[in-house]
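Here is the structure we will look at.
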Amino acid sequence: MTETIPPTERTRVVREAHRGAYDRETIYKILDEAYVCHVGFATDGQPFVIPTLFGRVGDAVYFHGSAASRMLRNVSEGISVCVTVTLTDGFVLARSVFNHSMNYRSVVALGKAVLVDAPEEKLEALRAFTEKIIPGRWNDARQPNEKELKATSILRLPLTEVSAKIRSGPVEDDAADYALPVWAGVIPMVTQWGEPIPAPGLAAEQRFQWPTGPGWDDTRAGA
Ligand SMILES: Cc1cc2nc3c(=O)[nH]c(=O)nc-3n(C[C@H](O)[C@H](O)[C@H](O)COP(=O)(O)OP(=O)(O)OC[C@H]3O[C@@H](n4cnc5c(N)ncnc54)[C@H](O)[C@@H]3O)c2cc1C
């Protein structure tokens, strides 16, 4: 059975509490499907929320420090952050405006993010970012050299205080509204990849060597 992260006073979902989930399996599935997280932190009383790429390795998420360089000023003791990830699955159109909603899966993680010092851990985090974009890309592309690694700050947030919230399924209309002559239902929302656009200067023989990725058509790659 998957491990549950006991909710704290800060991570217990209050509104529509039945949509809350605290098991690592559910939480990690959402984190692994998402590409972008929003990192929230406060500096001098001003909250900032910065969107950035991230990756999960084991029981921690990693993100680029450069995306939130303001927060690095006081990083030695760890920085209190709120990392949020959102997957949008569809619009829920109700018969009444009040009951309109979205289907979604989201995660909120709280805690102290710390700077990663060890080059091996930095590499592991960068590998996680890269492999998330396209599995195999880490080995296909040139990997970071020592100078690039030094210039990159990576932050680690252990996943110890985390919640997920999921809304799925149909419209929840008031019974009195069922008779209204208004279309109601769910409009699914999907992420779709476009056709790869080769970079200028790509060697002629490489132009049709598409990378393969989620949902990409391998047949065009001559695979
Ligand atoms: C795409 C999207 C659209 C939404 N639209 C609306 C809307 O229009 N109106 C509305 O009221 N709500 C909306 N929500 C839900 C919203 O995120 C909050 O869950 C809700 O507003 C407040 O819940 P709460 O009282 O539990 O929050 P709070 O008391 O603010 O939160 C308590 C704790 O619950 C957890 N939590 C709360 N919300 C989430 C979440 N979404 N994911 C993971 N953990 C969470 C966190 O750990 C948080 O610290 C939307 C969510 C998503 C992802």
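Within each chain, counting starts at residue 1; across the structure tokens, chains are named A, B, ... in the order shown, with ligands numbered 1 upward in that order.
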May I have a table of the residues of region 42-108 of chain A lying at most 8 Å from region 169-182 of chain A, giving each one's closest pair of atoms and their distance in Å to one decimal, counting only C-alpha atoms, ordered by chain and ascending residue number, as a Markdown table?
```
| residue | atom | partner | partner_atom | distance |
| --- | --- | --- | --- | --- |
| A:Val92 | CA | A:Val171 | CA | 5.9 |
| A:Leu93 | CA | A:Val171 | CA | 6.7 |
| A:Ala94 | CA | A:Val171 | CA | 5.7 |
| A:Arg95 | CA | A:Val182 | CA | 5.6 |
| A:Ser96 | CA | A:Asp177 | CA | 7.1 |
| A:Asn99 | CA | A:Asp173 | CA | 6.2 |
| A:His100 | CA | A:Val171 | CA | 7.7 |
| A:Ser101 | CA | A:Val171 | CA | 7.9 |
| A:Asn103 | CA | A:Gly169 | CA | 7.3 |
```
**Q.** Surrounding residues as a list in words, ligand 1, max 6 Å, only C-alpha atoms and all ligand atoms
**A.** Arg10, Thr11, Arg12, Val13, Val14, Arg15, Thr86, Thr88, Met102, Tyr104, Ser106, Val107, Val108, Ser163, Ala164 and Lys165 of chain A
Writer output for current selection, N, CA, C and O atoms, as a compact mmCIF listing (two decimals), in the first residue's frame:
```txt
# COMPACT_ATOMS: atom_id res chain seq x y z
N ARG A 10 -1.41 22.87 8.11
CA ARG A 10 -1.19 23.74 6.94
C ARG A 10 -1.57 23.06 5.63
O ARG A 10 -1.79 23.74 4.63
N THR A 11 -1.57 21.73 5.61
CA THR A 11 -1.79 21.06 4.31
C THR A 11 -3.13 20.32 4.22
O THR A 11 -3.41 19.70 3.20
N ARG A 12 -3.93 20.40 5.25
CA ARG A 12 -5.23 19.72 5.18
C ARG A 12 -6.17 20.53 4.30
O ARG A 12 -6.38 21.72 4.53
N VAL A 13 -6.68 19.87 3.25
CA VAL A 13 -7.63 20.53 2.35
C VAL A 13 -8.92 20.78 3.12
O VAL A 13 -9.46 19.87 3.74
N VAL A 14 -9.37 22.02 3.09
CA VAL A 14 -10.55 22.39 3.89
C VAL A 14 -11.81 22.34 3.01
O VAL A 14 -12.73 21.57 3.27
N ARG A 15 -11.81 23.13 1.96
CA ARG A 15 -12.99 23.20 1.09
C ARG A 15 -13.03 21.95 0.21
O ARG A 15 -12.03 21.61 -0.40
N THR A 86 -0.06 22.34 -11.12
CA THR A 86 -1.47 22.24 -11.54
C THR A 86 -1.57 21.56 -12.89
O THR A 86 -0.90 21.97 -13.84
N THR A 88 -4.55 20.82 -15.65
CA THR A 88 -5.95 21.15 -15.93
C THR A 88 -6.52 20.09 -16.87
O THR A 88 -5.95 19.84 -17.94
N MET A 102 -13.79 23.36 -12.80
CA MET A 102 -12.76 22.74 -13.65
C MET A 102 -12.46 21.37 -13.10
O MET A 102 -12.53 21.16 -11.88
N TYR A 104 -9.38 19.05 -12.41
CA TYR A 104 -7.95 19.33 -12.24
C TYR A 104 -7.31 18.33 -11.30
O TYR A 104 -8.00 17.61 -10.58
N SER A 106 -3.97 18.81 -8.65
CA SER A 106 -2.96 19.78 -8.22
C SER A 106 -2.25 19.31 -6.96
O SER A 106 -2.77 18.47 -6.22
N VAL A 107 -1.07 19.86 -6.76
CA VAL A 107 -0.26 19.52 -5.58
C VAL A 107 0.26 20.81 -4.96
O VAL A 107 0.66 21.74 -5.67
N VAL A 108 0.24 20.86 -3.65
CA VAL A 108 0.85 21.96 -2.90
C VAL A 108 1.88 21.34 -1.95
O VAL A 108 1.52 20.44 -1.17
N SER A 163 0.12 18.13 -0.08
CA SER A 163 -1.27 17.70 -0.32
C SER A 163 -1.53 17.67 -1.81
O SER A 163 -0.90 18.41 -2.57
N ALA A 164 -2.45 16.82 -2.21
CA ALA A 164 -2.96 16.86 -3.59
C ALA A 164 -4.45 17.15 -3.50
O ALA A 164 -5.08 16.90 -2.47
N LYS A 165 -4.98 17.71 -4.57
CA LYS A 165 -6.43 17.90 -4.64
C LYS A 165 -6.86 17.56 -6.06
O LYS A 165 -6.20 17.98 -7.02
```
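Using only C-alpha atoms for every distance, the candidate list A:Ile134, A:Leu87, A:Leu31, A:Val114 yields A:Leu31 as the residue closest to Arg56 (chain A).
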Q.
From a backbone DSSP assignment, name each residue in region 69-189 of chain A labelled alpha helix (DSSP H), as a list of chain:residue names.
A. A:Pro119, A:Glu120, A:Glu121, A:Lys122, A:Leu123, A:Glu124, A:Ala125, A:Leu126, A:Arg127, A:Ala128, A:Phe129, A:Thr130, A:Glu131, A:Lys132, A:Ile133, A:Arg137, A:Trp138, A:Asn139, A:Asp140, A:Glu146, A:Lys147, A:Glu148, A:Leu149, A:Lys150
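Between Arg24 (chain A) and the residues A:Ala128, A:Ala151, A:Ile133, A:Ala109, the shortest atom-to-atom distance, using only C-alpha atoms, involves A:Ala109.
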Q | Members of region 21-181 of chain A assigned strand (DSSP E or B) by DSSP, as a PyMOL selection string | A | chain A and resi 21+23+36-43+46-57+60-64+79-93+101-115+154-158+161-167
